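Text of the file my_file.cif, holding mmCIF, C-alpha atoms:
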```
data_input
loop_
_atom_site.group_PDB
_atom_site.id
_atom_site.type_symbol
_atom_site.label_atom_id
_atom_site.label_comp_id
_atom_site.auth_asym_id
_atom_site.auth_seq_id
_atom_site.Cartn_x
_atom_site.Cartn_y
_atom_site.Cartn_z
ATOM 1 C CA MET A 1 128.819 148.540 140.346
ATOM 2 C CA ALA A 2 132.232 150.601 141.240
ATOM 3 C CA PHE A 3 130.316 147.424 141.230
ATOM 4 C CA ARG A 4 127.826 147.401 138.593
ATOM 5 C CA MET A 5 126.116 145.685 137.231
ATOM 6 C CA ARG A 6 124.113 142.987 132.255
ATOM 7 C CA LEU A 7 123.135 144.650 134.851
ATOM 8 C CA PRO A 8 122.419 140.832 134.742
ATOM 9 C CA ARG A 9 119.619 138.716 134.553
ATOM 10 C CA TYR A 10 123.715 141.620 137.885
ATOM 11 C CA LEU A 11 121.378 140.228 135.512
ATOM 12 C CA SER A 12 120.155 137.991 132.316
ATOM 13 C CA ILE A 13 116.833 138.430 130.527
ATOM 14 C CA THR A 14 116.030 136.561 127.321
ATOM 15 C CA GLN A 15 114.930 138.131 124.084
ATOM 16 C CA GLY A 16 111.579 136.445 124.581
ATOM 17 C CA LEU A 17 111.007 138.345 127.801
ATOM 18 C CA ARG A 18 111.876 141.615 126.098
ATOM 19 C CA VAL A 19 109.202 140.909 123.522
ATOM 20 C CA ALA A 20 106.757 140.167 126.320
ATOM 21 C CA VAL A 21 107.700 143.421 128.017
ATOM 22 C CA LEU A 22 106.912 145.365 124.866
ATOM 23 C CA ALA A 23 103.585 143.615 124.620
ATOM 24 C CA CYS A 24 102.835 144.720 128.158
ATOM 25 C CA GLY A 25 103.740 148.336 127.434
ATOM 26 C CA LEU A 26 100.190 149.476 128.087
ATOM 27 C CA LEU A 27 100.803 148.775 131.768
ATOM 28 C CA ALA A 28 103.027 151.840 131.974
ATOM 29 C CA ALA A 29 100.028 154.031 131.205
ATOM 30 C CA LEU A 30 98.099 152.848 134.269
ATOM 31 C CA PRO A 31 98.054 155.002 137.399
ATOM 32 C CA LEU A 32 100.761 154.054 139.892
ATOM 33 C CA ILE A 33 98.225 153.230 142.588
ATOM 34 C CA ALA A 34 96.630 150.662 140.313
ATOM 35 C CA ARG A 35 99.960 149.132 139.419
ATOM 36 C CA ALA A 36 101.093 148.978 143.021
ATOM 37 C CA GLN A 37 98.403 146.444 143.981
ATOM 38 C CA PRO A 38 98.754 143.536 141.549
ATOM 39 C CA VAL A 39 97.273 140.115 142.008
ATOM 40 C CA ALA A 40 99.942 137.534 142.772
ATOM 41 C CA ALA A 41 100.050 136.147 139.234
ATOM 42 C CA ASP A 42 100.752 139.593 137.776
ATOM 43 C CA ALA A 43 103.314 140.968 140.227
ATOM 44 C CA VAL A 44 106.519 139.606 138.725
ATOM 45 C CA THR A 45 105.446 140.135 135.113
ATOM 46 C CA GLY A 46 104.228 143.649 135.885
ATOM 47 C CA ALA A 47 107.432 144.513 137.738
ATOM 48 C CA ASP A 48 109.544 143.314 134.820
ATOM 49 C CA ALA A 49 107.482 145.416 132.428
ATOM 50 C CA LEU A 50 107.978 148.502 134.564
ATOM 51 C CA TYR A 51 111.682 147.844 135.074
ATOM 52 C CA PHE A 52 112.471 147.453 131.389
ATOM 53 C CA ALA A 53 110.276 150.430 130.561
ATOM 54 C CA GLY A 54 112.693 152.524 132.642
ATOM 55 C CA SER A 55 110.680 152.699 135.885
ATOM 56 C CA PRO A 56 112.633 150.733 138.520
ATOM 57 C CA LEU A 57 111.065 152.673 141.404
ATOM 58 C CA GLU A 58 107.561 151.684 140.356
ATOM 59 C CA ALA A 59 108.766 148.113 139.800
ATOM 60 C CA TYR A 60 110.155 148.119 143.333
ATOM 61 C CA GLU A 61 106.867 149.361 144.788
ATOM 62 C CA VAL A 62 104.938 146.628 142.966
ATOM 63 C CA LEU A 63 107.275 143.976 144.329
ATOM 64 C CA ARG A 64 107.354 145.441 147.844
ATOM 65 C CA ALA A 65 103.573 145.335 148.046
ATOM 66 C CA TYR A 66 103.501 141.785 146.715
ATOM 67 C CA LEU A 67 106.198 140.585 149.135
ATOM 68 C CA GLU A 68 104.194 141.784 152.123
ATOM 69 C CA SER A 69 101.852 138.848 151.582
ATOM 70 C CA ASN A 70 104.331 136.575 149.772
ATOM 71 C CA PRO A 71 107.599 137.075 151.694
ATOM 72 C CA SER A 72 109.327 133.924 150.453
ATOM 73 C CA ASP A 73 108.798 134.348 146.705
ATOM 74 C CA TYR A 74 112.295 133.987 145.246
ATOM 75 C CA GLU A 75 111.427 135.504 141.871
ATOM 76 C CA ALA A 76 110.014 138.616 143.528
ATOM 77 C CA LEU A 77 112.874 138.897 146.027
ATOM 78 C CA TRP A 78 115.714 138.996 143.521
ATOM 79 C CA ARG A 79 113.812 141.369 141.263
ATOM 80 C CA ALA A 80 113.213 143.710 144.197
ATOM 81 C CA SER A 81 116.936 143.564 144.974
ATOM 82 C CA ARG A 82 117.697 144.364 141.330
ATOM 83 C CA ALA A 83 115.377 147.364 141.346
ATOM 84 C CA ALA A 84 116.877 148.690 144.580
ATOM 85 C CA VAL A 85 120.423 148.340 143.216
ATOM 86 C CA VAL A 86 119.768 150.260 140.013
ATOM 87 C CA ILE A 87 117.901 152.988 141.904
ATOM 88 C CA GLY A 88 120.821 153.340 144.300
ATOM 89 C CA VAL A 89 123.345 153.438 141.472
ATOM 90 C CA VAL A 90 121.930 156.651 140.016
ATOM 91 C CA LYS A 91 121.281 158.463 143.304
ATOM 92 C CA GLU A 92 123.468 161.432 144.199
ATOM 93 C CA GLY A 93 125.359 161.212 147.469
ATOM 94 C CA ILE A 94 126.403 158.359 149.727
ATOM 95 C CA THR A 95 123.422 158.591 152.092
ATOM 96 C CA ALA A 96 120.873 158.504 149.293
ATOM 97 C CA GLN A 97 122.668 155.589 147.651
ATOM 98 C CA ASN A 98 122.865 153.582 150.862
ATOM 99 C CA GLU A 99 119.153 154.045 151.504
ATOM 100 C CA TRP A 100 118.636 151.737 148.518
ATOM 101 C CA LEU A 101 121.755 149.584 148.602
ATOM 102 C CA ASP A 102 121.214 148.413 152.183
ATOM 103 C CA PRO A 103 117.693 147.086 151.440
ATOM 104 C CA ALA A 104 119.042 145.576 148.219
ATOM 105 C CA ILE A 105 121.499 143.496 150.250
ATOM 106 C CA VAL A 106 118.754 142.387 152.646
ATOM 107 C CA LEU A 107 116.499 141.385 149.762
ATOM 108 C CA GLY A 108 119.406 139.538 148.180
ATOM 109 C CA ASP A 109 120.032 137.707 151.463
ATOM 110 C CA ARG A 110 116.399 136.652 151.557
ATOM 111 C CA ALA A 111 116.483 135.485 147.948
ATOM 112 C CA VAL A 112 119.624 133.408 148.531
ATOM 113 C CA ALA A 113 118.108 131.935 151.690
ATOM 114 C CA GLU A 114 115.149 130.727 149.627
ATOM 115 C CA ARG A 115 117.320 129.370 146.805
ATOM 116 C CA PRO A 116 121.025 129.120 147.703
ATOM 117 C CA ASP A 117 122.070 128.181 144.171
ATOM 118 C CA GLY A 118 119.805 130.690 142.416
ATOM 119 C CA LEU A 119 121.896 132.677 139.953
ATOM 120 C CA ASP A 120 119.854 135.876 140.036
ATOM 121 C CA GLY A 121 119.726 136.068 143.815
ATOM 122 C CA LEU A 122 123.469 135.540 144.123
ATOM 123 C CA TYR A 123 124.286 137.985 141.372
ATOM 124 C CA TRP A 124 122.130 140.856 142.565
ATOM 125 C CA ARG A 125 123.215 140.404 146.160
ATOM 126 C CA GLY A 126 126.829 140.539 144.988
ATOM 127 C CA ALA A 127 126.118 143.644 142.927
ATOM 128 C CA ALA A 128 124.495 145.350 145.928
ATOM 129 C CA GLU A 129 127.352 144.389 148.247
ATOM 130 C CA GLY A 130 129.954 145.649 145.816
ATOM 131 C CA ARG A 131 128.275 149.001 145.345
ATOM 132 C CA ARG A 132 127.764 149.377 149.087
ATOM 133 C CA ALA A 133 131.423 148.583 149.761
ATOM 134 C CA LEU A 134 132.411 151.733 147.899
ATOM 135 C CA ASN A 135 130.531 153.795 150.502
ATOM 136 C CA ALA A 136 131.669 151.867 153.579
ATOM 137 C CA GLY A 137 134.350 152.284 156.208
ATOM 138 C CA ASN A 138 137.414 150.078 156.009
ATOM 139 C CA ASN A 139 136.235 147.149 158.131
ATOM 140 C CA TYR A 140 132.747 146.913 156.664
ATOM 141 C CA ALA A 141 134.110 147.403 153.153
ATOM 142 C CA ALA A 142 136.538 144.507 153.632
ATOM 143 C CA ARG A 143 133.715 142.227 154.780
ATOM 144 C CA LEU A 144 131.520 143.248 151.867
ATOM 145 C CA VAL A 145 134.308 142.732 149.339
ATOM 146 C CA GLN A 146 134.804 139.205 150.649
ATOM 147 C CA ARG A 147 131.077 138.563 150.331
ATOM 148 C CA VAL A 148 131.152 139.734 146.717
ATOM 149 C CA TYR A 149 134.099 137.415 146.097
ATOM 150 C CA ASP A 150 132.215 134.508 147.682
ATOM 151 C CA ASP A 151 129.016 135.212 145.742
ATOM 152 C CA ALA A 152 130.930 135.404 142.467
ATOM 153 C CA HIS A 153 132.578 132.054 143.110
ATOM 154 C CA ALA A 154 129.234 130.543 144.121
ATOM 155 C CA LEU A 155 127.814 131.752 140.804
ATOM 156 C CA MET A 156 130.698 130.263 138.859
ATOM 157 C CA ALA A 157 130.323 126.944 140.657
ATOM 158 C CA VAL A 158 126.850 126.723 139.126
ATOM 159 C CA ASP A 159 127.616 128.436 135.805
ATOM 160 C CA SER A 160 131.243 129.072 134.857
ATOM 161 C CA LEU A 161 130.041 131.168 131.901
ATOM 162 C CA HIS A 162 128.026 133.602 134.004
ATOM 163 C CA GLY A 163 129.039 137.048 132.758
ATOM 164 C CA GLY A 164 127.873 138.736 135.939
ATOM 165 C CA ALA A 165 130.125 136.545 138.085
ATOM 166 C CA HIS A 166 133.140 137.505 135.997
ATOM 167 C CA ASN A 167 132.230 141.181 136.219
ATOM 168 C CA LEU A 168 131.924 140.956 140.003
ATOM 169 C CA LEU A 169 135.359 139.346 140.282
ATOM 170 C CA GLY A 170 136.824 141.862 137.871
ATOM 171 C CA ARG A 171 135.471 144.767 139.888
ATOM 172 C CA VAL A 172 136.715 143.266 143.168
ATOM 173 C CA ASN A 173 140.223 143.021 141.754
ATOM 174 C CA TYR A 174 140.016 146.477 140.157
ATOM 175 C CA GLU A 175 138.855 148.277 143.291
ATOM 176 C CA ILE A 176 141.439 146.594 145.509
ATOM 177 C CA MET A 177 144.305 147.263 143.113
ATOM 178 C CA ASP A 178 143.131 150.871 142.682
ATOM 179 C CA LEU A 179 143.775 151.525 146.383
ATOM 180 C CA PRO A 180 146.964 153.391 147.262
ATOM 181 C CA ARG A 181 149.807 150.913 147.715
ATOM 182 C CA VAL A 182 150.172 151.532 151.447
ATOM 183 C CA ALA A 183 146.428 151.182 152.044
ATOM 184 C CA ARG A 184 146.372 147.945 150.050
ATOM 185 C CA PHE A 185 149.354 146.586 151.975
ATOM 186 C CA LEU A 186 147.781 147.402 155.339
ATOM 187 C CA ALA A 187 144.436 145.931 154.321
ATOM 188 C CA ARG A 188 146.085 142.682 153.303
ATOM 189 C CA ARG A 189 148.089 142.521 156.529
ATOM 190 C CA LEU A 190 145.258 143.478 158.867
ATOM 191 C CA VAL A 191 142.322 141.725 157.200
ATOM 192 C CA GLY A 192 143.938 139.103 155.030
ATOM 193 C CA ASN A 193 140.826 137.614 153.456
ATOM 194 C CA PRO A 194 141.143 135.808 150.094
ATOM 195 C CA ALA A 195 139.578 138.665 148.137
ATOM 196 C CA LEU A 196 142.331 141.011 149.314
ATOM 197 C CA GLN A 197 145.182 138.523 149.186
ATOM 198 C CA GLU A 198 144.513 137.210 145.669
ATOM 199 C CA SER A 199 143.799 140.493 143.888
ATOM 200 C CA SER A 200 145.843 141.629 140.880
ATOM 201 C CA TRP A 201 145.561 143.837 137.815
ATOM 202 C CA ASP A 202 145.880 140.766 135.593
ATOM 203 C CA ALA A 203 142.894 139.135 137.298
ATOM 204 C CA ALA A 204 140.889 142.351 137.014
ATOM 205 C CA GLU A 205 141.452 142.512 133.267
ATOM 206 C CA LEU A 206 140.893 138.804 132.704
ATOM 207 C CA HIS A 207 137.498 138.819 134.405
ATOM 208 C CA LEU A 208 136.296 142.158 133.012
ATOM 209 C CA ARG A 209 137.218 141.061 129.488
ATOM 210 C CA ARG A 210 135.497 137.720 130.013
ATOM 211 C CA ALA A 211 132.340 139.440 131.253
ATOM 212 C CA VAL A 212 132.185 141.505 128.053
ATOM 213 C CA GLU A 213 132.762 138.418 125.906
ATOM 214 C CA LEU A 214 129.992 136.479 127.645
ATOM 215 C CA TRP A 215 127.426 139.290 127.853
ATOM 216 C CA PRO A 216 128.386 141.644 125.001
ATOM 217 C CA GLU A 217 125.093 143.548 125.133
ATOM 218 C CA ASN A 218 125.720 144.755 128.698
ATOM 219 C CA VAL A 219 126.491 148.471 128.691
ATOM 220 C CA LEU A 220 127.962 148.588 132.180
ATOM 221 C CA PHE A 221 130.384 145.745 131.585
ATOM 222 C CA GLN A 222 131.815 147.483 128.526
ATOM 223 C CA LEU A 223 132.158 150.700 130.568
ATOM 224 C CA ASP A 224 133.967 148.832 133.345
ATOM 225 C CA LEU A 225 136.470 147.446 130.861
ATOM 226 C CA GLY A 226 137.053 150.918 129.435
ATOM 227 C CA GLU A 227 137.715 152.295 132.920
ATOM 228 C CA LEU A 228 140.297 149.600 133.548
ATOM 229 C CA TYR A 229 142.073 150.429 130.286
ATOM 230 C CA GLN A 230 142.043 154.132 131.137
ATOM 231 C CA ARG A 231 143.335 153.500 134.653
ATOM 232 C CA ARG A 232 146.178 151.410 133.220
ATOM 233 C CA GLY A 233 147.184 154.110 130.758
ATOM 234 C CA ARG A 234 145.952 152.256 127.671
ATOM 235 C CA ALA A 235 144.215 155.190 126.040
ATOM 236 C CA GLU A 236 143.462 153.671 122.641
ATOM 237 C CA GLU A 237 141.808 150.589 124.134
ATOM 238 C CA ALA A 238 139.874 152.774 126.574
ATOM 239 C CA ARG A 239 138.724 155.021 123.741
ATOM 240 C CA ALA A 240 137.514 152.015 121.731
ATOM 241 C CA ALA A 241 135.615 150.599 124.716
ATOM 242 C CA TYR A 242 133.943 153.927 125.529
ATOM 243 C CA THR A 243 132.978 154.426 121.905
ATOM 244 C CA ARG A 244 131.302 151.011 121.904
ATOM 245 C CA VAL A 245 129.371 152.011 125.034
ATOM 246 C CA THR A 246 127.966 155.119 123.341
ATOM 247 C CA GLU A 247 126.813 153.037 120.376
ATOM 248 C CA MET A 248 125.123 150.256 122.353
ATOM 249 C CA SER A 249 121.388 149.861 122.859
ATOM 250 C CA SER A 250 120.116 150.589 126.360
ATOM 251 C CA VAL A 251 118.580 147.637 128.211
ATOM 252 C CA HIS A 252 118.655 148.443 131.925
ATOM 253 C CA PRO A 253 117.362 151.706 133.439
ATOM 254 C CA PRO A 254 120.808 153.148 134.350
ATOM 255 C CA ASP A 255 122.281 152.512 130.895
ATOM 256 C CA ALA A 256 121.705 156.113 129.782
ATOM 257 C CA VAL A 257 123.755 157.275 132.789
ATOM 258 C CA PHE A 258 126.549 154.852 131.924
ATOM 259 C CA LYS A 259 126.581 156.010 128.306
ATOM 260 C CA GLU A 260 126.850 159.643 129.385
ATOM 261 C CA ARG A 261 129.748 158.693 131.647
ATOM 262 C CA ALA A 262 131.491 157.077 128.671
ATOM 263 C CA ARG A 263 131.056 160.309 126.686
ATOM 264 C CA ARG A 264 132.692 162.287 129.500
ATOM 265 C CA PHE A 265 135.598 159.855 129.603
ATOM 266 C CA LEU A 266 136.015 160.207 125.840
ATOM 267 C CA GLU A 267 136.260 163.969 126.300
ATOM 268 C CA GLU A 268 138.940 163.449 128.955
ATOM 269 C CA LEU A 269 140.868 161.287 126.506
ATOM 270 C CA GLY A 270 140.661 163.990 123.870
ATOM 271 C CA SER A 271 138.265 162.255 121.502
#
```
Could I get this file's structure written as structure tokens?
Amino acid sequence: MAFRMRLPRYLSITQGLRVAVLACGLLAALPLIARAQPVAADAVTGADALYFAGSPLEAYEVLRAYLESNPSDYEALWRASRAAVVIGVVKEGITAQNEWLDPAIVLGDRAVAERPDGLDGLYWRGAAEGRRALNAGNNYAARLVQRVYDDAHALMAVDSLHGGAHNLLGRVNYEIMDLPRVARFLARRLVGNPALQESSWDAAELHLRRAVELWPENVLFQLDLGELYQRRGRAEEARAAYTRVTEMSSVHPPDAVFKERARRFLEELGS
């Protein structure tokens, strides 16, 4: 989020699925207790319907119940990780966020164990790790950042045009370069992993721009690019990026939060 997530399918769903979700809209009217006990064939479809209807918590509960009897279902595992990430993203306070981000990482680990080259498992695990790194102490944060770096490169080894992978790498570079110079120097000397050693502002911009080009409908990715421009003192480019965010259609549950953040940044820039 911050490592954030299209939030992809961290984070890609086809237009066909969105149509299917709309067709399943009646599901949202059912009592939660009924939705929380799906038959196996309905769990993933029902969870997607709830997620894209703006109810990631209910989607998570559906998947959690299903995974109790189907613990190795890859499609359910990465979707549960996705739901936990987006719930954690909008929580207030580090403790509340970590209560969701830690399980999201575990679910991502399980998904990747079932399918090591699965794009969704890798992406959502990387998204969870990146978000969690922002709330971690120095040593744990350094390990998590390296894991994000590794997951992003694993994604790109399978699909070099994966927008989520580029966003993950862009955020890794951004967050490292945003550290105070002394802290960054010490981290590189004491930890010295590739994620820390290879970071640069140029790499941050390259990957964040590429993420937006590949997944232009992703609200978060556009916001991330705007934040980089603002941080680098490029007010006009930041203003243009934030304006695009406010005009975009919401797809993922946290998109309304991201759009409100863009409006606040526009106010800071004097728009």
On this file, the PyMOL selection byres ((chain A and resi 219-224) around 7) gives some set of residues; write that set as a list in words. Arg4, Met5, Arg6, Leu7, Asn167, Ala211, Val212, Glu217, Asn218, Leu225, Gly226, Glu227, Leu228, Ala241, Tyr242, Val245, Met248, Asp255, Phe258 and Ala262 of chain A
Using all atoms listed in the file, can you tell me which of A:Met156, A:Leu67, A:Leu161, A:Ile94 comes closest to Leu134 (chain A)?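 Among the listed residues, the smallest separation from Leu134 (chain A) belongs to A:Ile94.
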For Leu119 (chain A), list every protein, DNA or RNA residue within 12 Å, evaluated using only C-alpha atoms, and leave out those in the same chain fewer than 6 positions away; present the list as a VMD selection string. chain A and resid 8 to 12 74 to 75 78 to 79 108 111 to 112 125 to 126 151 to 165
Print the selection's residues with C-alpha atoms to a file, as a JSON list (two decimals), keeping the file's coordinate frame.
```json
[["chain", "number", "residue", "atom", "x", "y", "z"],
["A", 8, "PRO", "CA", 122.42, 140.83, 134.74],
["A", 9, "ARG", "CA", 119.62, 138.72, 134.55],
["A", 10, "TYR", "CA", 123.72, 141.62, 137.88],
["A", 11, "LEU", "CA", 121.38, 140.23, 135.51],
["A", 12, "SER", "CA", 120.16, 137.99, 132.32],
["A", 74, "TYR", "CA", 112.30, 133.99, 145.25],
["A", 75, "GLU", "CA", 111.43, 135.50, 141.87],
["A", 78, "TRP", "CA", 115.71, 139.00, 143.52],
["A", 79, "ARG", "CA", 113.81, 141.37, 141.26],
["A", 108, "GLY", "CA", 119.41, 139.54, 148.18],
["A", 111, "ALA", "CA", 116.48, 135.49, 147.95],
["A", 112, "VAL", "CA", 119.62, 133.41, 148.53],
["A", 125, "ARG", "CA", 123.22, 140.40, 146.16],
["A", 126, "GLY", "CA", 126.83, 140.54, 144.99],
["A", 151, "ASP", "CA", 129.02, 135.21, 145.74],
["A", 152, "ALA", "CA", 130.93, 135.40, 142.47],
["A", 153, "HIS", "CA", 132.58, 132.05, 143.11],
["A", 154, "ALA", "CA", 129.23, 130.54, 144.12],
["A", 155, "LEU", "CA", 127.81, 131.75, 140.80],
["A", 156, "MET", "CA", 130.70, 130.26, 138.86],
["A", 157, "ALA", "CA", 130.32, 126.94, 140.66],
["A", 158, "VAL", "CA", 126.85, 126.72, 139.13],
["A", 159, "ASP", "CA", 127.62, 128.44, 135.80],
["A", 160, "SER", "CA", 131.24, 129.07, 134.86],
["A", 161, "LEU", "CA", 130.04, 131.17, 131.90],
["A", 162, "HIS", "CA", 128.03, 133.60, 134.00],
["A", 163, "GLY", "CA", 129.04, 137.05, 132.76],
["A", 164, "GLY", "CA", 127.87, 138.74, 135.94],
["A", 165, "ALA", "CA", 130.12, 136.54, 138.08]]
```
What's the separation between CA of Ala83 (chain A) and CA of Gly137 (chain A), in Å to one decimal place?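 These atoms are spaced 24.6 Å apart.
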Do you know which residues the PyMOL selection byres ((chain A and resi 253) around 8) returns on this file, as an mmCIF file with C-alpha atoms, keeping the file's coordinate frame?
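Everything below was put into expr12.cif:
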```cif
data_model
loop_
_atom_site.group_PDB
_atom_site.id
_atom_site.type_symbol
_atom_site.label_atom_id
_atom_site.label_comp_id
_atom_site.auth_asym_id
_atom_site.auth_seq_id
_atom_site.Cartn_x
_atom_site.Cartn_y
_atom_site.Cartn_z
ATOM 1 C CA TYR A 51 111.682 147.844 135.074
ATOM 2 C CA PHE A 52 112.471 147.453 131.389
ATOM 3 C CA ALA A 53 110.276 150.430 130.561
ATOM 4 C CA GLY A 54 112.693 152.524 132.642
ATOM 5 C CA SER A 55 110.680 152.699 135.885
ATOM 6 C CA PRO A 56 112.633 150.733 138.520
ATOM 7 C CA VAL A 86 119.768 150.260 140.013
ATOM 8 C CA SER A 250 120.116 150.589 126.360
ATOM 9 C CA VAL A 251 118.580 147.637 128.211
ATOM 10 C CA HIS A 252 118.655 148.443 131.925
ATOM 11 C CA PRO A 254 120.808 153.148 134.350
ATOM 12 C CA ASP A 255 122.281 152.512 130.895
ATOM 13 C CA ALA A 256 121.705 156.113 129.782
#
```
Nearest-residue call for Trp100 (chain A), choices A:Leu57, A:Ala65, A:Leu50, A:Leu208, using only C-alpha atoms: A:Leu57
Between A:Val106, A:Ala195, A:Ala127, A:Leu168, single out the one closest to Arg143 (chain A), counting only C-alpha atoms. A:Ala195
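The coordinates place CA of Lys91 (chain A) at 24.8 Å from CA of Tyr149 (chain A).
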Using all atoms listed in the file, which protein or nucleic acid residues come within 12 Å of Asn135 (chain A)? Drop anything in the same chain fewer than 5 positions from it, and give the result as a PyMOL selection string. chain A and resi 1-3+88-89+93-99+101-102+128-130+140-142+144-145
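Note that CA of Arg261 (chain A) and CA of Asn173 (chain A) are 21.4 Å apart.
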Tell me, as a PDB file with C-alpha atoms, in the frame of the given file, which residues lie within 9 Å of Ala76 (chain A), counting only C-alpha atoms; anything in the same chain fewer than 2 positions away does not count.
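Generated output (out-v7.pdb):
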```pdb
ATOM      1  CA  ALA A  43     103.314 140.968 140.227  1.00  0.00           C
ATOM      2  CA  VAL A  44     106.519 139.606 138.725  1.00  0.00           C
ATOM      3  CA  ALA A  47     107.432 144.513 137.738  1.00  0.00           C
ATOM      4  CA  LEU A  63     107.275 143.976 144.329  1.00  0.00           C
ATOM      5  CA  ARG A  64     107.354 145.441 147.844  1.00  0.00           C
ATOM      6  CA  TYR A  66     103.501 141.785 146.715  1.00  0.00           C
ATOM      7  CA  LEU A  67     106.198 140.585 149.135  1.00  0.00           C
ATOM      8  CA  ASN A  70     104.331 136.575 149.772  1.00  0.00           C
ATOM      9  CA  PRO A  71     107.599 137.075 151.694  1.00  0.00           C
ATOM     10  CA  SER A  72     109.327 133.924 150.453  1.00  0.00           C
ATOM     11  CA  ASP A  73     108.798 134.348 146.705  1.00  0.00           C
ATOM     12  CA  TYR A  74     112.295 133.987 145.246  1.00  0.00           C
ATOM     13  CA  TRP A  78     115.714 138.996 143.521  1.00  0.00           C
ATOM     14  CA  ARG A  79     113.812 141.369 141.263  1.00  0.00           C
ATOM     15  CA  ALA A  80     113.213 143.710 144.197  1.00  0.00           C
ATOM     16  CA  SER A  81     116.936 143.564 144.974  1.00  0.00           C
ATOM     17  CA  ALA A 111     116.483 135.485 147.948  1.00  0.00           C
TER      18      ALA A 111
END
```
When the PyMOL selection byres ((chain A and resi 203) around 10) is applied to the structure above, which residues does it catch, written out as a list of chain:residue names?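 With the shown file as input, the PyMOL selection byres ((chain A and resi 203) around 10) matches A:His166, A:Leu169, A:Gly170, A:Arg171, A:Val172, A:Asn173, A:Tyr174, A:Glu198, A:Ser199, A:Ser200, A:Trp201, A:Asp202, A:Ala204, A:Glu205, A:Leu206, A:His207, A:Leu208, A:Arg209.
Restricting the calculation to all atoms listed in the file, the smallest distance between Arg82 (chain A) and any of A:Ala240, A:Ala113, A:Leu122, A:Val257 is found for A:Leu122.
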For region 127-143 of chain A, take all atoms listed in the file, fit an axis-aligned box around them, add 3 Å to each of the six sides, then output centre and edge lengths in Å rounded to one decimal, as AutoDock Vina command-line options.
```
--center_x 131.0 --center_y 148.0 --center_z 150.5 --size_x 18.9 --size_y 17.6 --size_z 21.2
```
Between A:Arg132, A:Glu268, A:Glu247, A:Leu214, which has the minimum distance to Ala235 (chain A) (counting only C-alpha atoms)?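 The closest residue to Ala235 (chain A) is A:Glu268.
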Identify which of the residues A:Gln197, A:Ile105, A:Leu269, A:Arg263 lies closest to Gln230 (chain A), counting all atoms listed in the file when measuring atom-to-atom distances. A:Leu269
Just give me the residues with any atom within 6 Å of (141.5, 148.7, 126.2), file coordinates, counting all atoms listed in the file, written as an NGL selection string. :A and (226 or 229 or 234 or 237-238)
